[in-house]
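**Q** Provided herewith is a single structure, encoded as structure tokens, for subsequent inquiry.
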Amino acid sequence: MTKEDTVMSSMPSMRNRRRVLVAVGAVLVLTGAAACGSSDSGGGSGSAGGAAHKKVRLITGVKSDPFYITMTCAAQAEARAKGMDFGADGSAQWDVSVQRPLLDSVAASRPDGLLISPVDTNALTPSLKQIQSSGTKVALVDTTVTDSSIGITRISSDNEKGGRVAADALAKLMNEKGSVIVISVKPGVSTTDARIKGFTEEMAKYPDIKVLPTLYDNDLPATAASQIQSTLAAHPDLGGAFAGNTNTGTGIATGLKQAGKQGKVKVAAFDAEPDEVEALKAGTLQVLVAQDPAAIGRQAVDQLAAAFEGKKVEKSVGTNMVAITKANMNDPAVSKYFYKSSC
Ligand code: T6T
């Protein structure tokens, strides 16, 4: 990473994408239009009564995760400002069997709108189809599902691009040689799968870096900690690690600290929750690819409101990311991306 910090726009594959280069002090910011994609009528019954008093529920991936707390706080504020009846819940762990009953119970309460981060690309599709066909307008936030008929709108970071940015940053920190490991949540998660894809494709540009087979920690920091330690033992030339999300990032940081290897093995991690920010400050993590979960939550509420009002709905909305290093973390244009633990 140089002194340049990149705020990345999302949805590169979308047409009508605009990009703007903005210099903010020493920080080179690359940002883009937040909303893109083709419009849609919103489906369902549309405008009756507008957005006020509409019952909207949010189901997040993991309730205690600062990424989702930040998203929930922003969605709640936006929904309240629009006079909606808003409520939020989330799974206790990243697990289909935990999220499905939550979804089924929200469906039984027949909300007008649902914001959801499905924890799997396929397993929840039947439940989502059911709630959608009963008239609830569904917005997919952060994660998505493979079935493109689900959701009137999908709002997320460009996760593949984030993976590519992490790869380039890590390659530089590793002097373009050595082994690198990717540790992530579990296969079948749209966001983290896209990050791994971007990372591994970009790393192929560095012939002297060997990408080891990806490991999955089930979103458990203790598992990530032991996985990084066993990788270190098996690959003494380990020079870098890419953490697919928050819990993996904090787990790798703990594992490296316990092994006395902090700073020696360079780490790029997705997200910017408080423990990751502390680890960046301490030098255990070197790069954080922070997302903008508040924008995801806010924009999802806005898209649902548009659907309730019979207005144009954006099928895809991309939100920004920023690459954070120890060198730029105190810049307010960067630190505003740190996630919250409470509203
Ligand atoms: O990285 C975020 C989110 O984007 C991903 O889908 C799951 O993990 C996080 O919530 C962070 O823990």
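Residues are referred to by chain and number: the chain letter is A, B, ... according to the order shown in the structure tokens, the number counts from 1 in that chain, and ligands are numbered separately from 1 in the order shown.
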With a cut-off of 10 Å, could you pull out the residues of chain A touching ligand 1 and give me the nearest pair of atoms for each, distance in Å to one decimal, using only C-alpha atoms and all ligand atoms, ordered by chain and ascending number, as JSON lines?
**A**
{"residue": "A:Thr60", "atom": "CA", "partner": "ligand 1", "partner_atom_place_in_ligand_line": "10 (O)", "distance": 8.6}
{"residue": "A:Gly61", "atom": "CA", "partner": "ligand 1", "partner_atom_place_in_ligand_line": "10 (O)", "distance": 6.6}
{"residue": "A:Val62", "atom": "CA", "partner": "ligand 1", "partner_atom_place_in_ligand_line": "10 (O)", "distance": 6.9}
{"residue": "A:Lys63", "atom": "CA", "partner": "ligand 1", "partner_atom_place_in_ligand_line": "10 (O)", "distance": 9.3}
{"residue": "A:Ser64", "atom": "CA", "partner": "ligand 1", "partner_atom_place_in_ligand_line": "12 (O)", "distance": 9.3}
{"residue": "A:Asp65", "atom": "CA", "partner": "ligand 1", "partner_atom_place_in_ligand_line": "12 (O)", "distance": 5.8}
{"residue": "A:Pro66", "atom": "CA", "partner": "ligand 1", "partner_atom_place_in_ligand_line": "12 (O)", "distance": 7.4}
{"residue": "A:Phe67", "atom": "CA", "partner": "ligand 1", "partner_atom_place_in_ligand_line": "10 (O)", "distance": 5.1}
{"residue": "A:Tyr68", "atom": "CA", "partner": "ligand 1", "partner_atom_place_in_ligand_line": "10 (O)", "distance": 6.1}
{"residue": "A:Ile69", "atom": "CA", "partner": "ligand 1", "partner_atom_place_in_ligand_line": "10 (O)", "distance": 9.4}
{"residue": "A:Met71", "atom": "CA", "partner": "ligand 1", "partner_atom_place_in_ligand_line": "10 (O)", "distance": 9.8}
{"residue": "A:Trp94", "atom": "CA", "partner": "ligand 1", "partner_atom_place_in_ligand_line": "7 (C)", "distance": 8.3}
{"residue": "A:Ser117", "atom": "CA", "partner": "ligand 1", "partner_atom_place_in_ligand_line": "6 (O)", "distance": 7.5}
{"residue": "A:Pro118", "atom": "CA", "partner": "ligand 1", "partner_atom_place_in_ligand_line": "6 (O)", "distance": 8.7}
{"residue": "A:Val119", "atom": "CA", "partner": "ligand 1", "partner_atom_place_in_ligand_line": "6 (O)", "distance": 7.6}
{"residue": "A:Asp120", "atom": "CA", "partner": "ligand 1", "partner_atom_place_in_ligand_line": "6 (O)", "distance": 9.8}
{"residue": "A:Val141", "atom": "CA", "partner": "ligand 1", "partner_atom_place_in_ligand_line": "6 (O)", "distance": 9.0}
{"residue": "A:Asp142", "atom": "CA", "partner": "ligand 1", "partner_atom_place_in_ligand_line": "4 (O)", "distance": 5.6}
{"residue": "A:Thr143", "atom": "CA", "partner": "ligand 1", "partner_atom_place_in_ligand_line": "6 (O)", "distance": 5.4}
{"residue": "A:Thr144", "atom": "CA", "partner": "ligand 1", "partner_atom_place_in_ligand_line": "6 (O)", "distance": 9.0}
{"residue": "A:Ser156", "atom": "CA", "partner": "ligand 1", "partner_atom_place_in_ligand_line": "4 (O)", "distance": 7.9}
{"residue": "A:Ser157", "atom": "CA", "partner": "ligand 1", "partner_atom_place_in_ligand_line": "4 (O)", "distance": 7.8}
{"residue": "A:Asn159", "atom": "CA", "partner": "ligand 1", "partner_atom_place_in_ligand_line": "4 (O)", "distance": 8.1}
{"residue": "A:Ser184", "atom": "CA", "partner": "ligand 1", "partner_atom_place_in_ligand_line": "8 (O)", "distance": 9.2}
{"residue": "A:Val185", "atom": "CA", "partner": "ligand 1", "partner_atom_place_in_ligand_line": "8 (O)", "distance": 7.7}
{"residue": "A:Val189", "atom": "CA", "partner": "ligand 1", "partner_atom_place_in_ligand_line": "6 (O)", "distance": 7.1}
{"residue": "A:Ser190", "atom": "CA", "partner": "ligand 1", "partner_atom_place_in_ligand_line": "6 (O)", "distance": 7.3}
{"residue": "A:Thr191", "atom": "CA", "partner": "ligand 1", "partner_atom_place_in_ligand_line": "6 (O)", "distance": 5.0}
{"residue": "A:Thr192", "atom": "CA", "partner": "ligand 1", "partner_atom_place_in_ligand_line": "6 (O)", "distance": 6.3}
{"residue": "A:Asp193", "atom": "CA", "partner": "ligand 1", "partner_atom_place_in_ligand_line": "6 (O)", "distance": 9.4}
{"residue": "A:Arg195", "atom": "CA", "partner": "ligand 1", "partner_atom_place_in_ligand_line": "1 (O)", "distance": 9.6}
{"residue": "A:Asp219", "atom": "CA", "partner": "ligand 1", "partner_atom_place_in_ligand_line": "12 (O)", "distance": 7.7}
{"residue": "A:Ala243", "atom": "CA", "partner": "ligand 1", "partner_atom_place_in_ligand_line": "1 (O)", "distance": 9.7}
{"residue": "A:Gly244", "atom": "CA", "partner": "ligand 1", "partner_atom_place_in_ligand_line": "1 (O)", "distance": 6.9}
{"residue": "A:Asn245", "atom": "CA", "partner": "ligand 1", "partner_atom_place_in_ligand_line": "1 (O)", "distance": 4.4}
{"residue": "A:Thr246", "atom": "CA", "partner": "ligand 1", "partner_atom_place_in_ligand_line": "12 (O)", "distance": 4.1}
{"residue": "A:Asn247", "atom": "CA", "partner": "ligand 1", "partner_atom_place_in_ligand_line": "12 (O)", "distance": 5.7}
{"residue": "A:Thr248", "atom": "CA", "partner": "ligand 1", "partner_atom_place_in_ligand_line": "12 (O)", "distance": 8.0}
{"residue": "A:Gly249", "atom": "CA", "partner": "ligand 1", "partner_atom_place_in_ligand_line": "12 (O)", "distance": 8.9}
{"residue": "A:Thr250", "atom": "CA", "partner": "ligand 1", "partner_atom_place_in_ligand_line": "12 (O)", "distance": 9.9}
{"residue": "A:Ala269", "atom": "CA", "partner": "ligand 1", "partner_atom_place_in_ligand_line": "1 (O)", "distance": 9.3}
{"residue": "A:Phe270", "atom": "CA", "partner": "ligand 1", "partner_atom_place_in_ligand_line": "1 (O)", "distance": 6.1}
{"residue": "A:Asp271", "atom": "CA", "partner": "ligand 1", "partner_atom_place_in_ligand_line": "1 (O)", "distance": 5.7}
{"residue": "A:Ala272", "atom": "CA", "partner": "ligand 1", "partner_atom_place_in_ligand_line": "11 (C)", "distance": 8.5}
{"residue": "A:Glu273", "atom": "CA", "partner": "ligand 1", "partner_atom_place_in_ligand_line": "11 (C)", "distance": 8.1}
{"residue": "A:Val289", "atom": "CA", "partner": "ligand 1", "partner_atom_place_in_ligand_line": "1 (O)", "distance": 9.4}
{"residue": "A:Ala290", "atom": "CA", "partner": "ligand 1", "partner_atom_place_in_ligand_line": "1 (O)", "distance": 8.6}
{"residue": "A:Gln291", "atom": "CA", "partner": "ligand 1", "partner_atom_place_in_ligand_line": "4 (O)", "distance": 7.4}
{"residue": "A:Asp292", "atom": "CA", "partner": "ligand 1", "partner_atom_place_in_ligand_line": "4 (O)", "distance": 9.3}
{"residue": "A:Pro293", "atom": "CA", "partner": "ligand 1", "partner_atom_place_in_ligand_line": "4 (O)", "distance": 7.9}
**Q** Can you write just those residues out, C-alpha atoms, as a PDB file, in the first residue's frame?
**A**
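This went into again-v3.pdb:
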ATOM      1  CA  THR A  60     -29.030  -9.562   9.129  1.00  0.00           C
ATOM      2  CA  GLY A  61     -26.375 -12.248   8.811  1.00  0.00           C
ATOM      3  CA  VAL A  62     -25.067 -12.108  12.373  1.00  0.00           C
ATOM      4  CA  LYS A  63     -26.801  -9.842  14.857  1.00  0.00           C
ATOM      5  CA  SER A  64     -23.737  -9.028  16.989  1.00  0.00           C
ATOM      6  CA  ASP A  65     -21.456  -8.264  14.021  1.00  0.00           C
ATOM      7  CA  PRO A  66     -20.542  -4.532  13.927  1.00  0.00           C
ATOM      8  CA  PHE A  67     -20.934  -4.591  10.135  1.00  0.00           C
ATOM      9  CA  TYR A  68     -24.603  -5.469  10.564  1.00  0.00           C
ATOM     10  CA  ILE A  69     -25.026  -3.264  13.643  1.00  0.00           C
ATOM     11  CA  MET A  71     -26.191  -1.303   8.750  1.00  0.00           C
ATOM     12  CA  TRP A  94     -23.616 -17.519  10.327  1.00  0.00           C
ATOM     13  CA  SER A 117     -28.666 -10.580   4.126  1.00  0.00           C
ATOM     14  CA  PRO A 118     -29.109 -14.254   3.232  1.00  0.00           C
ATOM     15  CA  VAL A 119     -26.306 -16.370   4.699  1.00  0.00           C
ATOM     16  CA  ASP A 120     -26.301 -18.752   1.736  1.00  0.00           C
ATOM     17  CA  VAL A 141     -28.562  -6.229   1.480  1.00  0.00           C
ATOM     18  CA  ASP A 142     -24.865  -7.172   1.436  1.00  0.00           C
ATOM     19  CA  THR A 143     -25.239 -10.851   0.491  1.00  0.00           C
ATOM     20  CA  THR A 144     -27.383 -12.082  -2.390  1.00  0.00           C
ATOM     21  CA  SER A 156     -23.789  -4.325  -1.799  1.00  0.00           C
ATOM     22  CA  SER A 157     -20.107  -3.495  -2.144  1.00  0.00           C
ATOM     23  CA  ASN A 159     -16.721  -7.607  -3.278  1.00  0.00           C
ATOM     24  CA  SER A 184     -12.837 -17.139   4.833  1.00  0.00           C
ATOM     25  CA  VAL A 185     -16.241 -17.935   6.317  1.00  0.00           C
ATOM     26  CA  VAL A 189     -21.672 -16.960   0.694  1.00  0.00           C
ATOM     27  CA  SER A 190     -21.999 -14.477  -2.178  1.00  0.00           C
ATOM     28  CA  THR A 191     -19.852 -11.730  -0.682  1.00  0.00           C
ATOM     29  CA  THR A 192     -16.919 -13.754   0.591  1.00  0.00           C
ATOM     30  CA  ASP A 193     -16.913 -16.053  -2.468  1.00  0.00           C
ATOM     31  CA  ARG A 195     -13.767 -11.606  -2.514  1.00  0.00           C
ATOM     32  CA  ASP A 219     -17.002 -17.429  10.977  1.00  0.00           C
ATOM     33  CA  ALA A 243      -9.029 -12.550   5.740  1.00  0.00           C
ATOM     34  CA  GLY A 244     -12.436 -12.722   4.066  1.00  0.00           C
ATOM     35  CA  ASN A 245     -14.298 -10.896   6.815  1.00  0.00           C
ATOM     36  CA  THR A 246     -14.278  -9.507  10.349  1.00  0.00           C
ATOM     37  CA  ASN A 247     -14.167 -12.685  12.423  1.00  0.00           C
ATOM     38  CA  THR A 248     -11.491 -14.172  10.202  1.00  0.00           C
ATOM     39  CA  GLY A 249      -9.467 -10.964  10.454  1.00  0.00           C
ATOM     40  CA  THR A 250      -9.580 -10.843  14.236  1.00  0.00           C
ATOM     41  CA  ALA A 269      -8.605  -8.190   5.983  1.00  0.00           C
ATOM     42  CA  PHE A 270     -12.064  -7.218   4.876  1.00  0.00           C
ATOM     43  CA  ASP A 271     -14.085  -4.896   7.147  1.00  0.00           C
ATOM     44  CA  ALA A 272     -13.279  -2.355   9.833  1.00  0.00           C
ATOM     45  CA  GLU A 273     -14.903  -3.342  13.100  1.00  0.00           C
ATOM     46  CA  VAL A 289     -10.881  -3.152   3.112  1.00  0.00           C
ATOM     47  CA  ALA A 290     -13.739  -1.311   4.781  1.00  0.00           C
ATOM     48  CA  GLN A 291     -17.240  -1.327   3.360  1.00  0.00           C
ATOM     49  CA  ASP A 292     -20.042   1.176   3.913  1.00  0.00           C
ATOM     50  CA  PRO A 293     -22.716  -0.860   5.706  1.00  0.00           C
TER      51      PRO A 293
END
**Q** Can you check which residues of stretch 95-264 of chain A DSSP gives as alpha helix (DSSP H) on the backbone and send them as a count of residues only?
**A** 78
**Q** Mind pulling up the distance from atom CA of A:Thr319 to atom CA of A:Lys266?
**A**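 Between atom CA of A:Lys266 and atom CA of A:Thr319 the gap is 26.8 Å.
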**Q** Report, in Å with one decimal, the straight-line distance from atom CA of A:Ala295 to atom CA of A:Glu276.
**A**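 Distance reported for this atom pair: 20.2 Å.
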**Q** Please list as a ChimeraX atom specification every residue within 12 Å of stretch 73-80 of chain A, counting only C-alpha atoms and excluding residues in the same chain fewer than 2 positions away.
**A** /A:51-60,63,66-71,82-89,113-116,139,141,292-305,339-343
**Q** Calculated over only C-alpha atoms, which of the candidates A:Ala194, A:Gly263, A:Glu314, A:Thr284 has the smallest distance to A:Asp158?
**A**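 Among the listed residues, A:Ala194 lies closest to A:Asp158.
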**Q** Using only C-alpha atoms, which of A:Leu102, A:Ile152, A:Met174, A:Ala268 sits nearest A:Ala306?
**A**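 Looking only at the distances to A:Ala306, the closest residue turns out to be A:Ile152.
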**Q** Considering only C-alpha atoms, state which residue in the set A:Ser91, A:Asn218, A:Gln132, A:Gln229 is at the smallest distance from A:Gln258.
**A**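 Checking each candidate against A:Gln258, we get A:Gln229 as the closest.
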**Q** Please, what distance in Å, to one decimal, runs between atom CA of A:Lys261 and atom CA of A:Ala167?
**A**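 The value is 20.1 Å.
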